[in-house]
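Here's work.cif, which has mmCIF, C-alpha atoms:
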data_query
loop_
_atom_site.label_atom_id
_atom_site.label_comp_id
_atom_site.auth_asym_id
_atom_site.auth_seq_id
_atom_site.Cartn_x
_atom_site.Cartn_y
_atom_site.Cartn_z
CA MET V 1 100.82 86.67 95.26
CA ALA V 2 99.28 90.15 95.19
CA ASN V 3 95.56 90.56 94.51
CA PHE V 4 95.12 93.17 91.78
CA MET V 5 91.89 95.18 91.85
CA ASP V 6 90.05 97.62 89.58
CA PHE V 7 87.34 99.57 91.38
CA ASN V 8 85.76 101.33 88.40
CA VAL V 9 84.24 99.28 85.60
CA GLN V 10 81.39 101.38 84.20
CA ILE V 11 77.96 99.76 84.04
CA SER V 12 76.84 98.75 80.55
CA GLU V 13 74.69 96.13 78.89
CA LYS V 14 75.11 92.73 80.51
CA GLN V 15 76.70 91.25 77.39
CA HIS V 16 79.37 93.98 77.18
CA LEU V 17 79.84 93.96 80.96
CA ALA V 18 80.50 90.23 80.92
CA LYS V 19 83.18 90.70 78.24
CA THR V 20 84.79 93.51 80.24
CA LEU V 21 84.86 91.46 83.44
CA ALA V 22 86.22 88.47 81.53
CA MET V 23 89.02 90.66 80.16
CA ALA V 24 89.76 91.95 83.68
CA ALA V 25 90.05 88.38 84.97
CA LYS V 26 92.26 87.42 82.02
CA LEU V 27 94.60 90.36 82.66
CA GLY V 28 95.09 89.22 86.25
CA TYR V 29 92.57 91.20 88.31
CA SER V 30 90.93 89.29 91.16
CA VAL V 31 88.37 91.97 92.11
CA ALA V 32 86.39 94.40 89.92
CA ALA V 33 83.74 96.92 90.98
CA VAL V 34 80.82 97.59 88.62
CA ASN V 35 80.10 101.31 88.84
CA HIS V 36 76.68 102.96 88.55
CA CYS V 37 77.36 106.67 87.99
CA ALA V 38 74.58 109.20 88.56
CA PRO V 39 75.48 112.45 86.73
CA SER V 40 73.71 114.40 89.47
CA ILE V 41 72.31 113.45 92.87
CA ASP V 42 69.22 115.54 92.03
CA SER V 43 68.08 112.71 89.79
CA ILE V 44 67.57 110.65 92.92
CA VAL V 45 64.24 111.60 94.49
CA LYS V 46 61.70 109.84 96.65
CA LYS V 47 59.41 107.51 94.80
CA LYS V 48 55.92 108.82 94.35
CA LYS V 49 52.99 107.33 92.57
CA LYS V 50 52.59 108.48 88.97
CA ASP V 51 55.88 110.41 89.19
CA LYS V 52 57.26 110.36 85.66
CA ASP V 53 60.53 112.03 86.73
CA TYR V 54 61.39 109.31 89.19
CA HIS V 55 64.83 107.73 88.70
CA ALA V 56 65.19 104.60 90.82
CA ILE V 57 68.52 103.67 92.34
CA PRO V 58 69.30 100.15 91.12
CA LEU V 59 69.82 97.49 93.73
CA PRO V 60 73.53 96.66 94.15
CA GLU V 61 73.00 93.03 93.11
CA THR V 62 71.37 94.04 89.81
CA LEU V 63 74.61 95.67 88.65
CA LYS V 64 76.49 92.39 88.71
CA VAL V 65 76.47 89.57 86.19
CA ASP V 66 74.56 86.40 87.09
CA ALA V 67 76.14 83.37 88.77
CA GLU V 68 76.39 81.32 85.55
CA THR V 69 78.22 84.12 83.71
CA LEU V 70 80.52 84.65 86.70
CA LYS V 71 81.31 80.93 86.71
CA ASN V 72 82.36 81.15 83.04
CA ILE V 73 84.52 84.21 83.81
CA MET V 74 86.26 82.32 86.61
CA ALA V 75 86.93 79.28 84.40
CA GLY V 76 90.54 80.27 83.69
CA THR V 77 91.28 81.90 87.06
CA LYS V 78 91.53 80.75 90.66
CA LYS V 79 89.14 83.39 91.98
CA PHE V 80 87.31 86.49 90.83
CA ARG V 81 84.99 88.74 92.81
CA GLN V 82 82.65 91.47 91.59
CA LEU V 83 81.54 94.43 93.71
CA SER V 84 78.90 97.14 93.36
CA ARG V 85 79.72 100.84 93.37
CA PHE V 86 77.70 104.06 93.35
CA SER V 87 79.27 107.30 92.09
CA THR V 88 77.91 110.79 91.61
CA ILE V 89 79.09 114.31 90.74
CA MET V 90 78.50 116.95 93.43
CA GLU V 91 78.06 120.63 92.62
CA ASP V 92 75.69 121.79 95.38
CA VAL V 93 76.11 121.44 99.16
CA ALA V 94 72.36 120.82 99.55
CA GLN V 95 72.78 117.50 97.69
CA LEU V 96 75.27 116.01 100.15
CA GLN V 97 72.86 114.58 102.72
CA LYS V 98 71.13 112.50 100.05
CA LEU V 99 74.18 110.25 100.03
CA ASN V 100 73.22 108.95 103.49
CA THR V 101 70.11 107.19 102.22
CA PRO V 102 70.04 103.41 102.90
CA GLU V 103 69.73 102.67 99.17
CA ILE V 104 73.08 104.31 98.45
CA GLN V 105 74.86 103.12 101.58
CA ALA V 106 73.99 99.51 100.63
CA PHE V 107 76.52 99.61 97.77
CA ASP V 108 79.94 98.03 98.40
CA LEU V 109 81.66 101.31 97.47
CA VAL V 110 80.39 104.90 97.48
CA ALA V 111 82.28 107.62 95.59
CA VAL V 112 81.81 111.33 94.89
CA GLN V 113 83.43 113.79 92.52
CA PRO V 114 83.32 117.28 94.10
CA LEU V 115 83.19 120.22 91.71
CA THR V 116 83.84 122.99 94.28
CA GLU V 117 86.29 123.45 97.12
CA LYS V 118 83.46 123.75 99.67
CA ILE V 119 81.99 120.37 98.66
CA PHE V 120 85.49 118.87 98.71
CA HIS V 121 85.90 120.15 102.30
CA VAL V 122 82.59 118.61 103.41
CA ALA V 123 83.31 115.35 101.59
CA VAL V 124 86.65 114.73 103.31
CA SER V 125 85.42 115.82 106.75
CA SER V 126 81.92 114.39 107.26
CA LEU V 127 80.42 112.41 104.36
CA LYS V 128 79.95 108.65 104.66
CA ILE V 129 81.89 107.76 101.53
CA ASP V 130 84.86 105.60 100.55
CA ILE V 131 86.33 107.31 97.47
CA ILE V 132 86.84 110.86 96.22
CA THR V 133 87.32 110.90 92.46
CA VAL V 134 89.63 113.54 91.03
CA ASP V 135 89.08 114.28 87.35
CA VAL V 136 92.67 114.62 86.19
CA THR V 137 91.72 114.96 82.51
CA GLN V 138 90.84 118.64 82.84
CA LYS V 139 92.02 121.67 84.78
CA LEU V 140 91.32 121.21 88.50
CA PRO V 141 88.45 123.50 89.57
CA TYR V 142 89.99 124.11 93.02
CA PRO V 143 93.39 123.76 94.71
CA ILE V 144 94.07 120.57 96.66
CA LYS V 145 95.40 121.59 100.06
CA ARG V 146 97.44 119.47 102.45
CA PRO V 147 95.30 120.08 105.62
CA LEU V 148 92.20 118.66 103.91
CA ILE V 149 94.21 115.73 102.60
CA ASN V 150 95.33 114.97 106.17
CA VAL V 151 91.68 114.86 107.30
CA ALA V 152 90.85 112.39 104.51
CA LEU V 153 93.84 110.20 105.43
CA GLU V 154 92.75 110.08 109.07
CA ARG V 155 89.19 109.05 108.07
CA GLY V 156 90.44 106.34 105.69
CA ILE V 157 89.08 107.97 102.53
CA TYR V 158 90.92 107.22 99.28
CA PHE V 159 91.54 109.35 96.20
CA GLU V 160 90.94 107.85 92.76
CA ILE V 161 92.75 108.49 89.49
CA GLN V 162 91.11 107.12 86.33
CA TYR V 163 93.26 106.46 83.28
CA SER V 164 90.85 105.28 80.55
CA PRO V 165 89.35 108.76 79.78
CA ALA V 166 92.81 109.82 78.65
CA ILE V 167 92.99 106.72 76.44
CA ARG V 168 89.65 107.51 74.78
CA ASP V 169 90.29 111.24 74.32
CA SER V 170 93.69 112.53 73.24
CA THR V 171 92.89 116.13 74.28
CA SER V 172 92.55 114.99 77.92
CA ARG V 173 96.10 113.67 78.15
CA LYS V 174 97.80 117.05 78.49
CA TYR V 175 96.20 117.61 81.90
CA MET V 176 96.37 114.02 83.15
CA ILE V 177 100.04 113.74 84.09
CA ALA V 178 100.32 117.25 85.59
CA ASN V 179 97.15 116.92 87.71
CA ALA V 180 98.03 113.40 88.84
CA GLN V 181 101.51 114.54 89.87
CA THR V 182 99.96 117.42 91.85
CA LEU V 183 97.67 115.02 93.74
CA ILE V 184 100.49 112.54 94.42
CA ARG V 185 102.76 115.33 95.66
CA VAL V 186 100.14 116.65 98.11
CA CYS V 187 99.12 113.14 99.27
CA LYS V 188 102.75 111.98 99.34
CA GLY V 189 101.54 108.86 97.52
CA LYS V 190 99.26 107.77 100.39
CA ASN V 191 95.61 106.64 100.06
CA VAL V 192 95.62 106.75 96.27
CA ILE V 193 94.08 104.12 94.01
CA ILE V 194 94.35 103.90 90.23
CA SER V 195 91.34 102.50 88.36
CA SER V 196 90.30 102.23 84.75
CA GLY V 197 86.86 103.85 84.53
CA CYS V 198 86.49 101.71 81.41
CA LEU V 199 83.37 101.58 79.26
CA LYS V 200 84.50 98.51 77.31
CA ALA V 201 87.12 95.79 77.47
CA MET V 202 89.45 97.62 75.07
CA ASP V 203 89.95 100.40 77.65
CA LEU V 204 91.43 98.04 80.25
CA ARG V 205 95.17 97.76 80.85
CA GLY V 206 97.11 95.09 82.71
CA PRO V 207 98.06 95.58 86.39
CA HIS V 208 101.77 95.98 85.67
CA ASP V 209 101.06 98.58 82.97
CA VAL V 210 98.92 100.50 85.48
CA ALA V 211 101.72 100.30 88.07
CA ASN V 212 104.15 101.73 85.49
CA LEU V 213 101.67 104.54 84.91
CA GLY V 214 101.86 105.25 88.65
CA LEU V 215 105.62 105.73 88.29
CA LEU V 216 104.91 108.32 85.60
CA PHE V 217 102.64 110.14 88.08
CA GLY V 218 105.51 110.47 90.57
CA MET V 219 104.87 107.43 92.78
CA SER V 220 107.59 105.17 94.04
CA GLN V 221 107.55 101.57 92.82
CA GLU V 222 106.05 100.39 96.12
CA GLN V 223 103.35 103.10 96.09
CA ALA V 224 102.43 102.35 92.47
CA LYS V 225 101.90 98.67 93.26
CA ALA V 226 99.95 99.52 96.43
CA ALA V 227 97.58 101.70 94.35
CA ILE V 228 96.11 98.54 92.78
CA THR V 229 96.67 96.04 95.63
CA THR V 230 97.03 96.84 99.34
CA ASN V 231 95.36 100.26 99.17
CA CYS V 232 92.35 98.59 97.57
CA GLN V 233 92.25 95.95 100.32
CA SER V 234 92.29 98.67 102.98
CA LEU V 235 89.54 100.49 101.11
CA LEU V 236 87.36 97.36 101.21
CA LEU V 237 87.79 97.15 104.99
CA HIS V 238 86.84 100.84 105.26
CA SER V 239 83.68 100.23 103.22
CA GLU V 240 82.73 97.32 105.49
CA SER V 241 83.09 99.54 108.56
CA ARG V 242 80.96 102.23 106.85
CA LYS V 243 78.13 99.78 106.28
CA ILE V 244 78.11 98.31 109.80
CA THR V 245 77.95 101.69 111.61
CA LYS V 246 75.09 101.75 114.14
CA SER V 247 74.56 98.01 113.76
CA THR V 248 74.50 95.02 116.04
CA VAL V 249 77.41 92.62 116.17
CA GLY V 250 77.06 88.86 116.23
CA VAL V 251 79.51 85.96 116.42
CA VAL V 252 79.32 83.27 113.75
CA HIS V 253 81.60 80.27 113.35
CA LYS V 254 83.65 80.46 110.17
CA THR V 255 82.20 77.16 108.90
CA LYS V 256 78.72 78.73 108.93
CA LEU V 257 79.68 81.85 106.96
CA GLU V 258 77.93 82.54 103.68
CA GLU V 259 79.97 82.13 100.52
CA LYS V 260 79.99 85.90 99.84
CA ASP V 261 81.58 86.63 103.28
CA LYS V 262 84.35 84.01 103.26
CA TRP V 263 86.75 86.40 101.52
CA ILE V 264 87.15 88.30 104.83
CA ILE V 265 88.51 85.17 106.57
CA GLU V 266 90.78 84.39 103.60
CA GLN V 267 92.13 87.94 103.53
CA ASN V 268 92.75 88.03 107.29
CA SER V 269 94.47 84.63 107.10
CA ALA V 270 96.68 85.86 104.26
CA ASN V 271 97.56 89.02 106.20
CA SER V 272 98.37 86.98 109.33
CA LYS V 273 100.54 84.62 107.26
CA ASN V 274 102.43 87.55 105.72
CA LYS V 275 102.98 89.08 109.17
CA SER V 276 104.19 85.72 110.56
CA GLU V 277 106.59 85.28 107.64
CA SER V 278 107.82 88.84 108.16
CA ARG V 279 108.40 88.18 111.88
CA LEU V 280 110.24 84.91 111.10
CA THR V 281 112.40 86.72 108.55
CA ASP V 282 113.20 89.46 111.05
CA SER V 283 113.98 86.88 113.76
CA GLU V 284 116.26 84.91 111.46
CA SER V 285 117.95 88.13 110.41
CA ARG V 286 118.56 89.09 114.04
CA LYS V 287 119.94 85.60 114.80
CA THR V 288 122.26 85.86 111.82
CA ASP V 289 123.44 89.29 112.97
CA ILE V 290 124.08 87.99 116.51
CA LYS V 291 125.97 84.98 115.16
CA THR V 292 128.03 87.23 112.91
CA ASP V 293 128.82 89.52 115.84
CA ASN V 294 129.88 86.52 117.97
CA ASP V 295 132.08 85.19 115.17
CA ASN V 296 133.63 88.63 114.74
CA SER V 297 134.29 88.97 118.47
CA LYS V 298 135.90 85.51 118.56
CA SER V 299 138.09 86.42 115.60
CA VAL V 300 139.16 89.66 117.28
CA LYS V 301 139.91 87.77 120.50
CA ARG V 302 142.08 85.25 118.64
CA VAL V 303 143.96 88.06 116.92
CA LEU V 304 144.53 89.80 120.26
CA ASP V 305 145.71 86.55 121.87
CA VAL V 306 148.17 85.98 119.03
CA ARG V 307 149.42 89.56 119.27
CA GLN V 308 149.78 89.26 123.04
CA SER V 309 151.71 85.98 122.65
CA ASP V 310 154.00 87.61 120.07
CA ASP V 311 154.60 90.55 122.42
CA ILE V 312 155.54 88.21 125.32
CA THR V 313 157.93 86.28 123.08
CA GLU V 314 159.52 89.54 121.92
CA VAL V 315 160.01 90.71 125.53
CA LYS V 316 161.62 87.39 126.53
CA LYS V 317 163.93 87.63 123.53
CA LEU V 318 164.98 91.15 124.54
CA LYS V 319 165.67 90.04 128.13
CA LEU V 320 167.80 87.15 126.84
CA ASP V 321 169.78 89.51 124.61
CA VAL V 322 170.43 91.83 127.58
CA LYS V 323 171.68 88.94 129.72
CA CYS V 324 174.02 87.83 126.95
CA MET V 325 175.43 91.31 126.63
CA GLU V 326 175.99 91.52 130.40
CA ALA V 327 177.73 88.14 130.38
CA ASN V 328 180.04 89.26 127.57
CA ASP V 329 180.90 92.42 129.47
CA ILE V 330 181.81 90.41 132.61
CA LYS V 331 183.93 87.99 130.55
CA SER V 332 185.90 90.81 128.94
CA ASP V 333 186.64 92.36 132.39
CA VAL V 334 188.00 89.07 133.70
CA ILE V 335 190.29 88.67 130.72
CA LYS V 336 191.67 92.14 131.25
#

Please, can you express the file's structure as structure tokens?
Amino acid sequence: MANFMDFNVQISEKQHLAKTLAMAAKLGYSVAAVNHCAPSIDSIVKKKKKDKDYHAIPLPETLKVDAETLKNIMAGTKKFRQLSRFSTIMEDVAQLQKLNTPEIQAFDLVAVQPLTEKIFHVAVSSLKIDIITVDVTQKLPYPIKRPLINVALERGIYFEIQYSPAIRDSTSRKYMIANAQTLIRVCKGKNVIISSGCLKAMDLRGPHDVANLGLLFGMSQEQAKAAITTNCQSLLLHSESRKITKSTVGVVHKTKLEEKDKWIIEQNSANSKNKSESRLTDSESRKTDIKTDNDNSKSVKRVLDVRQSDDITEVKKLKLDVKCMEANDIKSDVIK
């Protein structure tokens, strides 16, 4: 069964956040990312004593609901996992290096929304991020070019389309479909995720409804499903590799893993099982094809043998007829 994921649930009061996450679990999502969005990276400055303008970056764990609330959310589901995400809007190149601070890189997911083509170029080529958000609810401030998209695909960066702003504001819908189709056409449907960006539970939509929305954007059925399943899984692996850069590597037995890290083993086991099943299916298919070919060759051989036997019988019959005619000719000569 596919694991559906929504990587953009906006941070809100814990009571409302718990209701939103509970709705996500009820709709069939197994993973949801709680998003802390900083309108501008300039609001993030070094902490100084008696600095009234200081805006602290919240710790990733403080975004999530507590263990007791999570247990209640998971009551009707087999599993549900919450992630932390940091997002910001970029409008100045000088702000970019602030994303490399340890406080921001500690989040499970890091996303930016570039407002200029120059920032978009830097984001896809060198920034340590996981997601580039494209605001499809208004006219795009710059053209999206294929060469830059190729760079992002090679680095494993994903492009995000949010659908809930168009639900909340009817004036945003006229740009949404056209801009989303432009992005899908340039990306060819690759490395795209669709998330809600919801502020409350009412803004959420079920996974199959979101996949149908992907079809409206110009995706194939497989690409639309991948935008909320396999693409999200690949994005999680990319975020893990981002966080372990310039780190030491240790070996731990799977029985000694912490509870929060066991999902990696489960996911790898599921991927290995799917690959094994795919190989078995391919092997059985090849065996069936070989057996069919053998049966066909045997049938052809039998038909040829029958035809050859019929031809021999026909030749013998002709020879017998010739001999009879010769004998009749000899008999008539004797009588004469």

Given the file above and the PyMOL selection byres ((chain V and resi 231) around 10), which residues are selected, and can you give them as a PyMOL selection string?
-> chain V and resi 5+158+190-194+223-230+232-236

Just-selected residues, C-alpha atoms written as an mmCIF file, in the coordinates of the input:
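Ended up saving to out-v4.cif:
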data_model
loop_
_atom_site.group_PDB
_atom_site.id
_atom_site.type_symbol
_atom_site.label_atom_id
_atom_site.label_comp_id
_atom_site.auth_asym_id
_atom_site.auth_seq_id
_atom_site.Cartn_x
_atom_site.Cartn_y
_atom_site.Cartn_z
ATOM 1 C CA MET V 5 91.890 95.180 91.850
ATOM 2 C CA TYR V 158 90.920 107.220 99.280
ATOM 3 C CA LYS V 190 99.260 107.770 100.390
ATOM 4 C CA ASN V 191 95.610 106.640 100.060
ATOM 5 C CA VAL V 192 95.620 106.750 96.270
ATOM 6 C CA ILE V 193 94.080 104.120 94.010
ATOM 7 C CA ILE V 194 94.350 103.900 90.230
ATOM 8 C CA GLN V 223 103.350 103.100 96.090
ATOM 9 C CA ALA V 224 102.430 102.350 92.470
ATOM 10 C CA LYS V 225 101.900 98.670 93.260
ATOM 11 C CA ALA V 226 99.950 99.520 96.430
ATOM 12 C CA ALA V 227 97.580 101.700 94.350
ATOM 13 C CA ILE V 228 96.110 98.540 92.780
ATOM 14 C CA THR V 229 96.670 96.040 95.630
ATOM 15 C CA THR V 230 97.030 96.840 99.340
ATOM 16 C CA CYS V 232 92.350 98.590 97.570
ATOM 17 C CA GLN V 233 92.250 95.950 100.320
ATOM 18 C CA SER V 234 92.290 98.670 102.980
ATOM 19 C CA LEU V 235 89.540 100.490 101.110
ATOM 20 C CA LEU V 236 87.360 97.360 101.210
#

Once the PyMOL selection byres ((chain V and resi 139) around 10) has been applied to the shown file, what residues remain in the selection, as number ranges by chain?
-> V: 135-138, 140-142, 172, 174-176, 178-179

Selection file, C-alpha atoms, as an mmCIF file, keeping the file's coordinate frame:
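Final output, result23.cif:
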data_model
loop_
_atom_site.group_PDB
_atom_site.id
_atom_site.type_symbol
_atom_site.label_atom_id
_atom_site.label_comp_id
_atom_site.auth_asym_id
_atom_site.auth_seq_id
_atom_site.Cartn_x
_atom_site.Cartn_y
_atom_site.Cartn_z
ATOM 1 C CA ASP V 135 89.080 114.280 87.350
ATOM 2 C CA VAL V 136 92.670 114.620 86.190
ATOM 3 C CA THR V 137 91.720 114.960 82.510
ATOM 4 C CA GLN V 138 90.840 118.640 82.840
ATOM 5 C CA LEU V 140 91.320 121.210 88.500
ATOM 6 C CA PRO V 141 88.450 123.500 89.570
ATOM 7 C CA TYR V 142 89.990 124.110 93.020
ATOM 8 C CA SER V 172 92.550 114.990 77.920
ATOM 9 C CA LYS V 174 97.800 117.050 78.490
ATOM 10 C CA TYR V 175 96.200 117.610 81.900
ATOM 11 C CA MET V 176 96.370 114.020 83.150
ATOM 12 C CA ALA V 178 100.320 117.250 85.590
ATOM 13 C CA ASN V 179 97.150 116.920 87.710
#

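When you apply the PyMOL selection byres ((chain V and resi 195) around 8) to this structure, what comes back is Asp6, Phe7, Asn8, Glu160, Ile161, Gln162, Tyr163, Ile193, Ile194, Ser196, Gly197 and Ile228 of chain V.
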
Atom CA of V:Val252 and atom CA of V:Leu59 are how many Å apart?
-> 26.3 Å

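Take atom CA of V:Leu115 and atom CA of V:Ala180: the distance between them is 16.6 Å.
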
V:Val186 proximity check over V:Gln82, V:Asn212, V:Asn150, V:Thr20, using all atoms listed in the file: winner is V:Asn150

Would you mind telling me which residue in V:Leu83, V:Gly214, V:Ala2, V:Asp169 lies nearest to V:Glu61 when using only C-alpha atoms?
->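 Ranking V:Leu83, V:Gly214, V:Ala2, V:Asp169 by distance to V:Glu61, first place goes to V:Leu83.
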
Sel. within 10 Å of pt (92.9, 90.2, 80.1), counting only C-alpha atoms, output as a ChimeraX atom specification = /V:19-29,201-202,204-207

So how many Å separate atom CA of V:Phe217 and atom CA of V:Arg168, to one decimal?
-> 18.8 Å

Selected residue, from V:Ala38, V:Thr133, V:Pro165, V:Ile157, that lies nearest to V:Lys200 when counting all atoms listed in the file =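 Of all the options, V:Pro165 lies closest to V:Lys200.
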
Pick from V:Leu213, V:Ile119, V:Ile167, V:Cys37 nearest to V:Gln10, counting all atoms listed in the file |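 Checking each of V:Leu213, V:Ile119, V:Ile167, V:Cys37 against V:Gln10, counting all atoms listed in the file, the winner is V:Cys37.
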
Go through V:Leu257, V:Leu63, V:Ala33, V:Ala152 and flag the residue nearest V:Glu13, using all atoms listed in the file for the distances.
->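 The closest residue to V:Glu13 is V:Leu63.
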